[in-house]
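Visitor: The structure under discussion is supplied below as structure tokens; questions concerning it will follow.
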Amino acid sequence: MRNRASNTLSKGKIRQSWSKYNLYNLQRFRSPPTASRTFFQQKWTAKALARAYHGEQVREGQWKRMFSRRIRSVVPMNTLDLAKDDGSETSAGRGSGLKTAEDPSPSRRVPYTNMAFAPLERRLDVAIFRALFASSARQARQFVIHGAVTVNGQKMRHPSYLLNPGDLFQVDPERVMFATGAPKTRFERRETRQLKQKDQKEDNDEAEAEPEQEAKEAKEESIEKKDENVKDTLKALISQAKTIMSKDKSVLPAKRKQELRGFQKRVRAVLSRSATSTVLTDSLEAQFSELTLALKAKRAEPAPKEGKKSTKEQPSEQEAAAASQTENTGDKLSEAFQKAVEGEEVDTSELSDEEFDVLRRALTQMRDNPIDHSKPYSTPWCPRDYMSAFAFIPRYLEVNQNICAAVYLRHPVARPGLAEVPSPFGETVSTPAYGWYLKRRW
Amino acid sequence: MPPRVQSRRVSSILLPYLAPSSASIQPSSCPSQILSRQFSATSAPQTKLRREMFAWLNTEGAALKDHVPGETNYLPNPRNFNETNLKPFPHNDNFISESILSEELRNEIYTRVVKKKRSVRAVSVELGVEMKRIAAVVRLVELEQRQRAQGKPLALPYARAVHEMVPTTRLAEKGERQAWHEPINDLPAHPATGAQIFYPVPESRSFTRVDAGRVFSAAPALENERREAISHPSDLAEDVLNKKPGAIEMVGKGDNAREVLLPADARIPHPHLVKMELDRIAFPEERRQIVERNVKRIARQDEIEKSRREKAEAWRERSIRHIEPEGGRFDFRFQNVEFSKQTTGANGRSHKAPGRRYGVPNQSHKRGVTKIPTRVEA
């Protein structure tokens, strides 16, 4: 199918995409004018706008067959109200209840017409896009066609597969990281090229390549093992620093190089000391995992931080501090390392939160988010630009981002004041569009 | 070549490890390329729209480029600035970015259901999470553990970034009350309730939800004895659960036969909560007994549902014949295909029955009929 879903500025259509063009179009969108336009014209425009976003990859005839004028909705019930009144109070008097002194707050309207395109949300490609596994519905479609998606554990190659409630779909995590990650920089692309050339050379004389690869694999395995040694991690850290030094000579400024060298030295110093005490490393790792949990909880917490022990700064301030004190962090890091390794127990009170944070971040991220030029995205992975402006996950999906899998729980529903179908258009567009697709047109 | 917005990612590779995941980009103003060739005779290939777009992206849009952990970063809504912005689409007030389960809450659900062997219904009421979602979470966490054990690649940095961008429901700390993730007692709107019906009732008669359901499904009014037997509409929920004969009445004949619409008390996912509220109103002092009774009610309902599920499973198993050839690796399953009046219809031409029959065209080649799989067995 030819891709007509370009993000042109002149047309200003809104698409299911995270591109910056789309963001700009979304930002400058205004509801179409209704004055001095016939009802037919209004419906036509509304339908054209809505269809450019909702299932643009679906042919019009196909969508017309999918359209259903019946819209799923739910009413959240209050059990206390149900217990208090068996319905006779509501129907008392002339059928609408006896008037009380003060009327209850008016119930919010159910936005039925915002659900006009709900059947399209069942499609596999759209669901993948909604689960934030692809940066556009078109890309999600490509993932499906290229065989990177499984439904209930079986490969599914039809983007138009309609998910049933309870279906579990999973996308290859590598593809998701590629789709959502920042693209490579010029330097990284060159690194990749050099890596490829090197690989080709090594293919020619295989005798050299094999042991290295084995060592690499062994390292990776050791990293992935649950009961991994901290020592291994530190060693990997050193080796990585080395590779950075060797590879990015032309890229890195001199000052950074100095920092790197210092960092390498410090880690080596810690390593030599920890060689004597092997038992402690386990507890250190346990401490790290605990800390990770604790810090995650802290981050998830909204702004007020009561009842918590010493959290010195807000996260944003911490960032600023981390950015400004890059030179000092090295010393702090080494101190933290030493304390953690030498002391029998690592007290949280002894070390400041900041230090621990830096230490933990450096180590855990090193393990989770390594530098790897063979990947098709910029490493260490970071989200692509403008991703946050489009990041939301509707309630009809339950997503596990770690394994890039999601369950389609149920069909999207409307409830008072809320429609679950994500749509950039308000009722000024969705209502005439819904009317357009009715058998008996308005 | 039109000017591109330069990627200003930090080239240092160690720095991202020492800084939070988001703060990897340093803002810096790139000198406009238009200025650099102001003496050029050729007109700039930049259109007005493009110029405006990049102008916007460099000023107002710059804030949208990167996220602040723990905050949403959607397009600013011109109508409200003060509150936290939960509307990703400024023109659609009816769509909000609803919170997702945090990692800890997800793991808590898993431990409660799998390790502590609590029922899904009980956990749903405790944490305020839909029962379907709980089942899905258990499934997903199990899958994650399996993949970790197998050493398959995970998308950990991606998961971290998403949880930083999207609002999350966090797990309450000890002593704190768990905030509900979502409404758990959603009543699906039945299509029969869509009609507007004028139904005159004497003012002296109490017209309850049970009666309203009967009116909507065009069933005759209840007799007085039966009406008096129902003290509250939630009694019907009990009857349905116990499979009391006649609990679900039918109206209509033949193909038009349909169930009489039950009151909301019987159709919500957690009918026992209504009973608990009734208990609370009747016996406001006996707090502990109320809780105990509710626990018992949940246990009973779970038991009944479990036995029903097992029965259905056993029935399905009985209808399938398994054949495993010795030494082979396959398990052939044969299901009886029925070719009877029920499937072929009264005139023998219904398309539901298997096989080719004279005068019954094959539906699968028609336009608009789905030709790709409609379901994937788990």
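So you can find residues: chains in the structure tokens are A, B, ... in the order shown, residues in each start at 1, and ligands are numbered from 1 in order.
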Select residues of chain B: the criterion is any atom within 6 Å of an atom of chain A, counting only C-alpha atoms; output as a PyMOL selection string.

Guide: chain B and resi 17-19+64-65+67+73-74+89+91-92+94-95+97+154-156+159+165-166+185-189+206-209+274+277-278+378

Visitor: Could those selected residues go to a file with C-alpha atoms, as an mmCIF file, in the first residue's frame?

Guide:
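Listed below is the output, out.cif:
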```cif
data_model
loop_
_atom_site.group_PDB
_atom_site.id
_atom_site.type_symbol
_atom_site.label_atom_id
_atom_site.label_comp_id
_atom_site.auth_asym_id
_atom_site.auth_seq_id
_atom_site.Cartn_x
_atom_site.Cartn_y
_atom_site.Cartn_z
ATOM 1 C CA TYR B 17 25.192 7.417 33.016
ATOM 2 C CA LEU B 18 25.858 10.076 35.570
ATOM 3 C CA ALA B 19 22.904 12.286 34.698
ATOM 4 C CA LEU B 64 7.949 19.697 24.398
ATOM 5 C CA LYS B 65 11.180 18.195 23.172
ATOM 6 C CA HIS B 67 10.228 15.473 29.410
ATOM 7 C CA ASN B 73 4.544 17.194 28.888
ATOM 8 C CA TYR B 74 1.587 17.687 26.580
ATOM 9 C CA PHE B 89 -5.086 16.926 22.739
ATOM 10 C CA HIS B 91 -9.085 20.456 21.390
ATOM 11 C CA ASN B 92 -10.549 17.306 22.878
ATOM 12 C CA ASN B 94 -13.284 14.424 26.564
ATOM 13 C CA PHE B 95 -10.009 12.563 26.385
ATOM 14 C CA SER B 97 -4.324 10.692 29.731
ATOM 15 C CA LEU B 154 14.325 -6.388 27.675
ATOM 16 C CA ALA B 155 13.528 -2.749 27.025
ATOM 17 C CA LEU B 156 14.371 -1.451 30.507
ATOM 18 C CA ALA B 159 10.133 1.287 30.286
ATOM 19 C CA MET B 165 6.288 10.553 31.007
ATOM 20 C CA VAL B 166 2.879 9.071 31.773
ATOM 21 C CA ASN B 185 -18.050 -1.161 39.389
ATOM 22 C CA ASP B 186 -18.756 -0.133 35.819
ATOM 23 C CA LEU B 187 -22.219 -0.956 34.577
ATOM 24 C CA PRO B 188 -22.242 -1.546 30.819
ATOM 25 C CA ALA B 189 -25.103 0.301 29.174
ATOM 26 C CA SER B 206 -43.163 1.789 44.365
ATOM 27 C CA PHE B 207 -41.420 1.409 41.059
ATOM 28 C CA THR B 208 -37.934 -0.092 41.566
ATOM 29 C CA ARG B 209 -34.989 -0.959 39.320
ATOM 30 C CA VAL B 274 -23.926 -3.417 47.528
ATOM 31 C CA GLU B 277 -23.256 -1.163 52.051
ATOM 32 C CA LEU B 278 -26.709 -2.475 53.018
ATOM 33 C CA ALA B 378 -3.618 -18.579 23.637
#
```

Visitor: Output as an MDAnalysis selection string all residues of region 83-184 of chain B that backbone DSSP marks as strand (DSSP E).

Guide: chainID B and resid 100:101 168:169

Visitor: Save out the residues we just selected, N, CA and C atoms, as a PDB file, in the first residue's frame.

Guide:
```
ATOM      1  N   ILE B 100      -1.340   4.954  34.589  1.00  0.00           N
ATOM      2  CA  ILE B 100      -1.055   3.534  34.417  1.00  0.00           C
ATOM      3  C   ILE B 100      -0.539   2.991  35.740  1.00  0.00           C
ATOM      4  N   LEU B 101      -0.497   1.674  35.865  1.00  0.00           N
ATOM      5  CA  LEU B 101      -0.008   1.058  37.102  1.00  0.00           C
ATOM      6  C   LEU B 101       1.495   1.253  37.202  1.00  0.00           C
ATOM      7  N   THR B 168       1.218   7.930  36.708  1.00  0.00           N
ATOM      8  CA  THR B 168       1.153   6.557  37.233  1.00  0.00           C
ATOM      9  C   THR B 168       0.420   6.543  38.565  1.00  0.00           C
ATOM     10  N   THR B 169      -0.242   5.414  38.830  1.00  0.00           N
ATOM     11  CA  THR B 169      -0.830   5.182  40.147  1.00  0.00           C
ATOM     12  C   THR B 169       0.211   4.444  40.962  1.00  0.00           C
TER      13      THR B 169
END
```

Visitor: Would you list the contacts of region 319-324 of chain B as a PyMOL selection string, taking every protein, DNA or RNA residue within 6 Å and counting only C-alpha atoms, but skipping same-chain residues closer than 4 positions in sequence?

Guide: chain B and resi 331-335

Visitor: Please dump the current selection as a CSV table (one decimal), in the first residue's frame; keep C-alpha atoms.

Guide:
```
chain,number,residue,atom,x,y,z
B,331,ASP,CA,-1.4,-33.9,19.9
B,332,PHE,CA,-4.2,-34.2,17.4
B,333,ARG,CA,-7.5,-32.9,18.7
B,334,PHE,CA,-10.7,-33.9,17.0
B,335,GLN,CA,-13.9,-32.0,17.7
```

Visitor: Just give me the gap between CA of Leu49 (chain B) and CA of Lys43 (chain A) in Å, one decimal is fine.

Guide: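 If I compute the distance from CA of Leu49 (chain B) to CA of Lys43 (chain A), I get 27.1 Å.
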
Visitor: State, in Å with one decimal place, the distance from CA of Arg280 (chain B) to CA of Lys132 (chain B).

Guide: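 We find that CA of Arg280 (chain B) and CA of Lys132 (chain B) lie 27.8 Å from each other.
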
Visitor: Just the residues within 10 Å of Leu241 (chain B), please, counting only C-alpha atoms, with nothing from its chain fewer than 6 positions along; format it as a list in words.

Guide: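 Counting only the stated atoms, we get Asp235, Ala247, Ala266, Pro271, Arg300, Gln301, Ile304 and Glu305 of chain B.
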
Visitor: To one decimal place, how far is CA of Val125 (chain B) from CA of Pro269 (chain B) in Å?

Guide: 10.5 Å

Visitor: Just list as a PyMOL selection string whatever in region 68-186 of chain B DSSP marks as alpha helix (DSSP H).

Guide: chain B and resi 103-110+120-127+131-150+156-165

Visitor: Could you write out the selected residues, including C-alpha atoms, as a PDB file, in the first residue's frame?

Guide:
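Saved file selection_5.pdb follows:
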```
ATOM      1  CA  GLU B 103       5.997  -1.003  38.587  1.00  0.00           C
ATOM      2  CA  GLU B 104       5.586  -1.553  42.341  1.00  0.00           C
ATOM      3  CA  LEU B 105       1.809  -1.730  42.189  1.00  0.00           C
ATOM      4  CA  ARG B 106       2.078  -4.216  39.358  1.00  0.00           C
ATOM      5  CA  ASN B 107       4.421  -6.408  41.375  1.00  0.00           C
ATOM      6  CA  GLU B 108       2.192  -6.062  44.436  1.00  0.00           C
ATOM      7  CA  ILE B 109      -0.768  -7.348  42.440  1.00  0.00           C
ATOM      8  CA  TYR B 110       1.313 -10.276  41.291  1.00  0.00           C
ATOM      9  CA  VAL B 120      -8.712 -11.780  41.916  1.00  0.00           C
ATOM     10  CA  ARG B 121     -11.988 -10.357  43.190  1.00  0.00           C
ATOM     11  CA  ALA B 122     -10.596  -9.603  46.644  1.00  0.00           C
ATOM     12  CA  VAL B 123      -7.441  -7.978  45.264  1.00  0.00           C
ATOM     13  CA  SER B 124      -9.555  -5.956  42.855  1.00  0.00           C
ATOM     14  CA  VAL B 125     -11.574  -4.479  45.726  1.00  0.00           C
ATOM     15  CA  GLU B 126      -8.482  -3.854  47.868  1.00  0.00           C
ATOM     16  CA  LEU B 127      -6.456  -2.028  45.240  1.00  0.00           C
ATOM     17  CA  MET B 131     -10.542  -7.723  37.593  1.00  0.00           C
ATOM     18  CA  LYS B 132      -9.638  -8.024  33.929  1.00  0.00           C
ATOM     19  CA  ARG B 133      -6.633  -5.805  34.451  1.00  0.00           C
ATOM     20  CA  ILE B 134      -5.487  -7.899  37.398  1.00  0.00           C
ATOM     21  CA  ALA B 135      -5.625 -11.032  35.287  1.00  0.00           C
ATOM     22  CA  ALA B 136      -3.660  -9.264  32.559  1.00  0.00           C
ATOM     23  CA  VAL B 137      -1.054  -7.976  35.002  1.00  0.00           C
ATOM     24  CA  VAL B 138      -0.480 -11.457  36.398  1.00  0.00           C
ATOM     25  CA  ARG B 139      -0.097 -12.807  32.903  1.00  0.00           C
ATOM     26  CA  LEU B 140       2.329 -10.077  31.875  1.00  0.00           C
ATOM     27  CA  VAL B 141       4.480 -10.287  35.008  1.00  0.00           C
ATOM     28  CA  GLU B 142       4.710 -14.036  34.612  1.00  0.00           C
ATOM     29  CA  LEU B 143       5.789 -13.587  31.008  1.00  0.00           C
ATOM     30  CA  GLU B 144       8.349 -11.025  32.071  1.00  0.00           C
ATOM     31  CA  GLN B 145       9.824 -13.367  34.648  1.00  0.00           C
ATOM     32  CA  ARG B 146      10.042 -16.138  32.101  1.00  0.00           C
ATOM     33  CA  GLN B 147      11.804 -13.863  29.637  1.00  0.00           C
ATOM     34  CA  ARG B 148      14.232 -12.655  32.274  1.00  0.00           C
ATOM     35  CA  ALA B 149      15.022 -16.244  33.181  1.00  0.00           C
ATOM     36  CA  GLN B 150      15.615 -17.066  29.540  1.00  0.00           C
ATOM     37  CA  LEU B 156      14.371  -1.451  30.507  1.00  0.00           C
ATOM     38  CA  PRO B 157      15.458   2.114  29.640  1.00  0.00           C
ATOM     39  CA  TYR B 158      12.381   2.482  27.464  1.00  0.00           C
ATOM     40  CA  ALA B 159      10.133   1.287  30.286  1.00  0.00           C
ATOM     41  CA  ARG B 160      11.735   3.763  32.649  1.00  0.00           C
ATOM     42  CA  ALA B 161      11.236   6.630  30.234  1.00  0.00           C
ATOM     43  CA  VAL B 162       7.569   5.784  29.633  1.00  0.00           C
ATOM     44  CA  HIS B 163       6.855   5.592  33.352  1.00  0.00           C
ATOM     45  CA  GLU B 164       8.435   9.003  33.744  1.00  0.00           C
ATOM     46  CA  MET B 165       6.288  10.553  31.007  1.00  0.00           C
TER      47      MET B 165
END
```
